[in-house]
Every structure is written in structure tokens, then in C-alpha cells.
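Visitor: Please find model.cif (mmCIF, C-alpha atoms) on the next line:
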```cif
data_upload
loop_
_atom_site.group_PDB
_atom_site.id
_atom_site.type_symbol
_atom_site.label_atom_id
_atom_site.label_comp_id
_atom_site.auth_asym_id
_atom_site.auth_seq_id
_atom_site.Cartn_x
_atom_site.Cartn_y
_atom_site.Cartn_z
ATOM 1 C CA ILE A 136 98.597 88.389 91.365
ATOM 2 C CA ALA A 137 100.073 85.748 93.645
ATOM 3 C CA GLU A 138 103.709 86.243 92.529
ATOM 4 C CA PRO A 139 104.100 89.722 90.975
ATOM 5 C CA ASP A 140 107.405 91.327 90.087
ATOM 6 C CA CYS A 141 106.171 94.671 91.409
ATOM 7 C CA VAL A 142 103.048 96.361 92.759
ATOM 8 C CA TYR A 143 102.014 100.008 92.365
ATOM 9 C CA THR A 144 99.124 102.063 93.652
ATOM 10 C CA SER A 145 96.719 103.453 91.085
ATOM 11 C CA GLU A 146 97.061 107.153 90.245
ATOM 12 C CA THR A 147 93.296 107.550 89.870
ATOM 13 C CA ALA A 148 91.677 105.136 92.356
ATOM 14 C CA GLU A 149 92.928 105.122 95.936
ATOM 15 C CA GLN A 150 91.814 101.558 96.734
ATOM 16 C CA THR A 151 93.265 100.014 93.553
ATOM 17 C CA LYS A 152 96.597 98.238 93.115
ATOM 18 C CA LEU A 153 98.449 97.432 89.901
ATOM 19 C CA PHE A 154 100.284 94.099 89.778
ATOM 20 C CA TYR A 155 102.980 93.477 87.143
ATOM 21 C CA LYS A 156 104.566 90.185 86.081
ATOM 22 C CA LEU A 157 107.220 90.057 83.346
ATOM 23 C CA GLY A 158 107.200 87.044 81.026
ATOM 24 C CA ALA A 159 103.938 85.575 82.319
ATOM 25 C CA VAL A 160 103.613 83.586 79.077
ATOM 26 C CA ALA A 161 106.305 81.951 76.965
ATOM 27 C CA TRP A 162 105.333 82.912 73.430
ATOM 28 C CA LYS A 163 104.983 86.281 71.682
ATOM 29 C CA PHE A 164 104.224 88.237 74.883
ATOM 30 C CA LYS A 165 107.261 86.910 76.799
ATOM 31 C CA ASN A 166 108.976 90.343 76.821
ATOM 32 C CA LEU A 167 105.879 92.170 78.074
ATOM 33 C CA PHE A 168 104.448 92.695 81.535
ATOM 34 C CA LEU A 169 101.102 91.211 82.431
ATOM 35 C CA LYS A 170 99.310 94.021 84.273
ATOM 36 C CA ALA A 171 96.446 93.097 86.616
ATOM 37 C CA VAL A 172 94.292 95.901 88.060
ATOM 38 C CA VAL A 173 92.703 94.899 91.378
ATOM 39 C CA SER A 174 90.164 96.995 93.281
ATOM 40 C CA TYR A 175 90.102 96.662 97.077
ATOM 41 C CA ASP A 176 87.163 99.011 97.722
ATOM 42 C CA ARG A 177 84.956 96.070 98.793
ATOM 43 C CA GLU A 178 85.276 92.503 100.032
ATOM 44 C CA PRO A 179 86.237 90.380 98.281
ATOM 45 C CA ALA A 180 88.603 92.338 96.058
ATOM 46 C CA ILE A 181 87.737 92.504 92.354
ATOM 47 C CA LEU A 182 90.005 91.956 89.357
ATOM 48 C CA ARG A 183 89.000 94.886 87.128
ATOM 49 C CA THR A 184 91.122 94.045 84.076
ATOM 50 C CA ALA A 185 94.339 92.379 82.967
ATOM 51 C CA PHE A 186 96.390 92.993 79.836
ATOM 52 C CA PHE A 187 99.923 92.969 78.435
ATOM 53 C CA THR A 188 101.987 96.160 78.401
ATOM 54 C CA SER A 189 105.574 97.154 77.682
ATOM 55 C CA GLN A 190 105.743 99.865 80.363
ATOM 56 C CA LEU A 191 105.219 100.074 84.096
ATOM 57 C CA SER A 192 102.898 102.849 85.187
ATOM 58 C CA GLY A 193 101.027 103.833 88.279
ATOM 59 C CA GLY A 194 101.334 105.956 91.327
ATOM 60 C CA ARG A 195 103.624 104.984 94.164
ATOM 61 C CA LEU A 196 105.721 101.798 94.064
ATOM 62 C CA LEU A 197 104.529 99.579 96.933
ATOM 63 C CA TRP A 198 106.663 96.485 96.448
ATOM 64 C CA ILE A 199 109.318 95.064 94.139
ATOM 65 C CA ARG A 200 110.620 91.489 93.989
ATOM 66 C CA PRO A 201 114.142 91.312 95.425
ATOM 67 C CA LYS A 202 116.835 90.197 92.979
ATOM 68 C CA PRO A 203 118.223 86.729 93.732
#
```
What do you get writing this file as C-alpha cells?
Guide:
Amino acid sequence: IAEPDCVYTSETAEQTKLFYKLGAVAWKFKNLFLKAVVSYDREPAILRTAFFTSQLSGGRLLWIRPKP
């Protein structure tokens, strides 16, 4: 969550953001994105779930890491 590669809004929950990080681990999941689903509908925000996925999905793209 601290250093994502990109952040999307959720298509189904207005106050939820989807954080993606490619290669978060070095072994068999190195070519997958770690997806963290964070709900901001209350304080403090809540991590709803996190899992590995091969595809980016979500609503609107909010942020993408600039290429070096």
C-alpha cells in the first residue's frame, strides 16, 4: 500500500481503492500483481483483502508510478 505501482477506484464501492504492486514477492508469484483492497468509508481505513492476480481491474485509474 505504501509503494504501489498503480491505484484504481473500485467499480462497486465508491470509498474503496485498489492498490497494485507487481513482483511483491520473489518466488512463484513474482510475475503477478499483489492487489490490496482498502476501504476508506471510516477512520481509520480498513484493509478488506489482499491477493495475487495476473490482471489489473477496477474503475478509474487514479495514479500510476512514473517510469524511471
Visitor: Evaluate the PyMOL selection byres ((chain A and resi 147) around 12) and record the selected residues as a ChimeraX atom specification, following the chain and residue labels used in the document.
Guide: /A:143-146,148-153,172,174,192-195
Visitor: What gap, in Å, lies between atom CA of Pro179 of chain A and atom CA of Leu197 of chain A?
Guide: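 Going from atom CA of Pro179 of chain A over to atom CA of Leu197 of chain A covers 20.5 Å.
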Visitor: Please, which residues are within 12 Å of (97.2, 91.6, 76.5) by the file's coordinates, counting only C-alpha atoms, and could they come as a list of chain:residue names?
Guide: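 Residues with an atom at most 12 Å from (97.2, 91.6, 76.5): A:Gly158, A:Ala159, A:Val160, A:Lys163, A:Phe164, A:Lys165, A:Asn166, A:Leu167, A:Phe168, A:Leu169, A:Lys170, A:Ala171, A:Thr184, A:Ala185, A:Phe186, A:Phe187, A:Thr188, A:Ser189.
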Visitor: Now that the selection is made, can you save its residues with C-alpha atoms as a CSV table (one decimal), keeping the file's coordinate frame?
Guide:
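part-v2.csv was written with the following content:
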```
chain,number,residue,atom,x,y,z
A,158,GLY,CA,107.2,87.0,81.0
A,159,ALA,CA,103.9,85.6,82.3
A,160,VAL,CA,103.6,83.6,79.1
A,163,LYS,CA,105.0,86.3,71.7
A,164,PHE,CA,104.2,88.2,74.9
A,165,LYS,CA,107.3,86.9,76.8
A,166,ASN,CA,109.0,90.3,76.8
A,167,LEU,CA,105.9,92.2,78.1
A,168,PHE,CA,104.4,92.7,81.5
A,169,LEU,CA,101.1,91.2,82.4
A,170,LYS,CA,99.3,94.0,84.3
A,171,ALA,CA,96.4,93.1,86.6
A,184,THR,CA,91.1,94.0,84.1
A,185,ALA,CA,94.3,92.4,83.0
A,186,PHE,CA,96.4,93.0,79.8
A,187,PHE,CA,99.9,93.0,78.4
A,188,THR,CA,102.0,96.2,78.4
A,189,SER,CA,105.6,97.2,77.7
```
Visitor: How far is it from atom CA of Val173 of chain A to atom CA of Val142 of chain A, in Å with one decimal?
Guide: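 Separating atom CA of Val173 of chain A from atom CA of Val142 of chain A is a distance of 10.5 Å.
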Visitor: Can you list what the PyMOL selection byres ((chain A and resi 202) around 12) grabs from this structure, as a ChimeraX atom specification?
Guide: /A:140-141,199-201,203
Visitor: Please dump the current selection as a PDB file, in the coordinates of the input; keep C-alpha atoms.
Guide:
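The new file again-v2.pdb reads:
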```pdb
ATOM      1  CA  ASP A 140     107.405  91.327  90.087  1.00  0.00           C
ATOM      2  CA  CYS A 141     106.171  94.671  91.409  1.00  0.00           C
ATOM      3  CA  ILE A 199     109.318  95.064  94.139  1.00  0.00           C
ATOM      4  CA  ARG A 200     110.620  91.489  93.989  1.00  0.00           C
ATOM      5  CA  PRO A 201     114.142  91.312  95.425  1.00  0.00           C
ATOM      6  CA  PRO A 203     118.223  86.729  93.732  1.00  0.00           C
TER       7      PRO A 203
END
```
Visitor: So how far away is atom CA of Ala180 of chain A from atom CA of Ala161 of chain A, in Å?
Guide: 28.0 Å
Visitor: For Ile136 of chain A, which residue out of A:Trp162, A:Leu182, A:Arg177, A:Gln190 is the nearest one, using only C-alpha atoms?
Guide: A:Leu182
Visitor: Where atoms are missing, can you supply N, CA and C atoms for segment 165-198 of chain A and output the lot as an mmCIF file, keeping the file's coordinate frame?
Guide:
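In the end it all went to result.cif:
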```cif
data_model
loop_
_atom_site.group_PDB
_atom_site.id
_atom_site.type_symbol
_atom_site.label_atom_id
_atom_site.label_comp_id
_atom_site.auth_asym_id
_atom_site.auth_seq_id
_atom_site.Cartn_x
_atom_site.Cartn_y
_atom_site.Cartn_z
ATOM 1 N N LYS A 165 106.285 87.230 75.755
ATOM 2 C CA LYS A 165 107.261 86.910 76.799
ATOM 3 C C LYS A 165 108.074 88.114 77.270
ATOM 4 N N ASN A 166 108.215 89.149 76.441
ATOM 5 C CA ASN A 166 108.976 90.343 76.821
ATOM 6 C C ASN A 166 108.085 91.475 77.324
ATOM 7 N N LEU A 167 106.825 91.171 77.582
ATOM 8 C CA LEU A 167 105.879 92.170 78.074
ATOM 9 C C LEU A 167 105.466 91.847 79.505
ATOM 10 N N PHE A 168 104.995 92.881 80.193
ATOM 11 C CA PHE A 168 104.448 92.695 81.535
ATOM 12 C C PHE A 168 102.970 92.356 81.435
ATOM 13 N N LEU A 169 102.532 91.415 82.236
ATOM 14 C CA LEU A 169 101.102 91.211 82.431
ATOM 15 C C LEU A 169 100.704 92.160 83.557
ATOM 16 N N LYS A 170 99.773 93.039 83.292
ATOM 17 C CA LYS A 170 99.310 94.021 84.273
ATOM 18 C C LYS A 170 97.920 93.613 84.733
ATOM 19 N N ALA A 171 97.749 93.425 86.034
ATOM 20 C CA ALA A 171 96.446 93.097 86.616
ATOM 21 C C ALA A 171 96.027 94.255 87.514
ATOM 22 N N VAL A 172 94.828 94.774 87.294
ATOM 23 C CA VAL A 172 94.292 95.901 88.060
ATOM 24 C C VAL A 172 93.266 95.345 89.037
ATOM 25 N N VAL A 173 93.551 95.483 90.339
ATOM 26 C CA VAL A 173 92.703 94.899 91.378
ATOM 27 C C VAL A 173 92.155 96.000 92.274
ATOM 28 N N SER A 174 90.843 96.010 92.431
ATOM 29 C CA SER A 174 90.164 96.995 93.281
ATOM 30 C C SER A 174 89.887 96.387 94.648
ATOM 31 N N TYR A 175 90.292 97.106 95.697
ATOM 32 C CA TYR A 175 90.102 96.662 97.077
ATOM 33 C C TYR A 175 89.061 97.506 97.803
ATOM 34 N N ASP A 176 88.148 98.142 97.071
ATOM 35 C CA ASP A 176 87.163 99.011 97.722
ATOM 36 C C ASP A 176 85.999 98.236 98.329
ATOM 37 N N ARG A 177 85.968 96.927 98.153
ATOM 38 C CA ARG A 177 84.956 96.070 98.793
ATOM 39 C C ARG A 177 85.532 94.680 98.990
ATOM 40 N N GLU A 178 84.862 93.882 99.781
ATOM 41 C CA GLU A 178 85.276 92.503 100.032
ATOM 42 C C GLU A 178 84.345 91.555 99.317
ATOM 43 N N PRO A 179 84.825 90.593 98.606
ATOM 44 C CA PRO A 179 86.237 90.380 98.281
ATOM 45 C C PRO A 179 86.713 91.363 97.214
ATOM 46 N N ALA A 180 88.017 91.459 97.080
ATOM 47 C CA ALA A 180 88.603 92.338 96.058
ATOM 48 C C ALA A 180 88.166 91.870 94.673
ATOM 49 N N ILE A 181 88.201 92.800 93.704
ATOM 50 C CA ILE A 181 87.737 92.504 92.354
ATOM 51 C C ILE A 181 88.855 92.743 91.348
ATOM 52 N N LEU A 182 89.095 91.766 90.475
ATOM 53 C CA LEU A 182 90.005 91.956 89.357
ATOM 54 C C LEU A 182 89.261 92.761 88.308
ATOM 55 N N ARG A 183 89.687 93.986 88.073
ATOM 56 C CA ARG A 183 89.000 94.886 87.128
ATOM 57 C C ARG A 183 89.373 94.575 85.678
ATOM 58 N N THR A 184 90.658 94.353 85.431
ATOM 59 C CA THR A 184 91.122 94.045 84.076
ATOM 60 C C THR A 184 92.536 93.490 84.158
ATOM 61 N N ALA A 185 92.958 92.860 83.090
ATOM 62 C CA ALA A 185 94.339 92.379 82.967
ATOM 63 C C ALA A 185 94.714 92.441 81.493
ATOM 64 N N PHE A 186 95.941 92.878 81.223
ATOM 65 C CA PHE A 186 96.390 92.993 79.836
ATOM 66 C C PHE A 186 97.912 93.059 79.810
ATOM 67 N N PHE A 187 98.482 92.885 78.603
ATOM 68 C CA PHE A 187 99.923 92.969 78.435
ATOM 69 C C PHE A 187 100.325 94.398 78.094
ATOM 70 N N THR A 188 101.481 94.817 78.634
ATOM 71 C CA THR A 188 101.987 96.160 78.401
ATOM 72 C C THR A 188 103.515 96.119 78.405
ATOM 73 N N SER A 189 104.111 97.077 77.725
ATOM 74 C CA SER A 189 105.574 97.154 77.682
ATOM 75 C C SER A 189 106.142 98.084 78.754
ATOM 76 N N GLN A 190 105.267 98.873 79.393
ATOM 77 C CA GLN A 190 105.743 99.865 80.363
ATOM 78 C C GLN A 190 105.044 99.719 81.708
ATOM 79 N N LEU A 191 105.796 99.999 82.759
ATOM 80 C CA LEU A 191 105.219 100.074 84.096
ATOM 81 C C LEU A 191 104.647 101.469 84.290
ATOM 82 N N SER A 192 103.484 101.551 84.878
ATOM 83 C CA SER A 192 102.898 102.849 85.187
ATOM 84 C C SER A 192 102.096 102.717 86.463
ATOM 85 N N GLY A 193 101.794 103.838 87.043
ATOM 86 C CA GLY A 193 101.027 103.833 88.279
ATOM 87 C C GLY A 193 101.472 104.965 89.165
ATOM 88 N N GLY A 194 100.987 104.944 90.350
ATOM 89 C CA GLY A 194 101.334 105.956 91.327
ATOM 90 C C GLY A 194 102.614 105.586 92.045
ATOM 91 N N ARG A 195 102.480 105.296 93.307
ATOM 92 C CA ARG A 195 103.624 104.984 94.164
ATOM 93 C C ARG A 195 103.961 103.496 94.097
ATOM 94 N N LEU A 196 105.250 103.180 94.022
ATOM 95 C CA LEU A 196 105.721 101.798 94.064
ATOM 96 C C LEU A 196 105.523 101.268 95.478
ATOM 97 N N LEU A 197 104.773 100.178 95.623
ATOM 98 C CA LEU A 197 104.529 99.579 96.933
ATOM 99 C C LEU A 197 105.494 98.438 97.248
ATOM 100 N N TRP A 198 105.842 97.671 96.224
ATOM 101 C CA TRP A 198 106.663 96.485 96.448
ATOM 102 C C TRP A 198 107.361 96.099 95.160
#
```
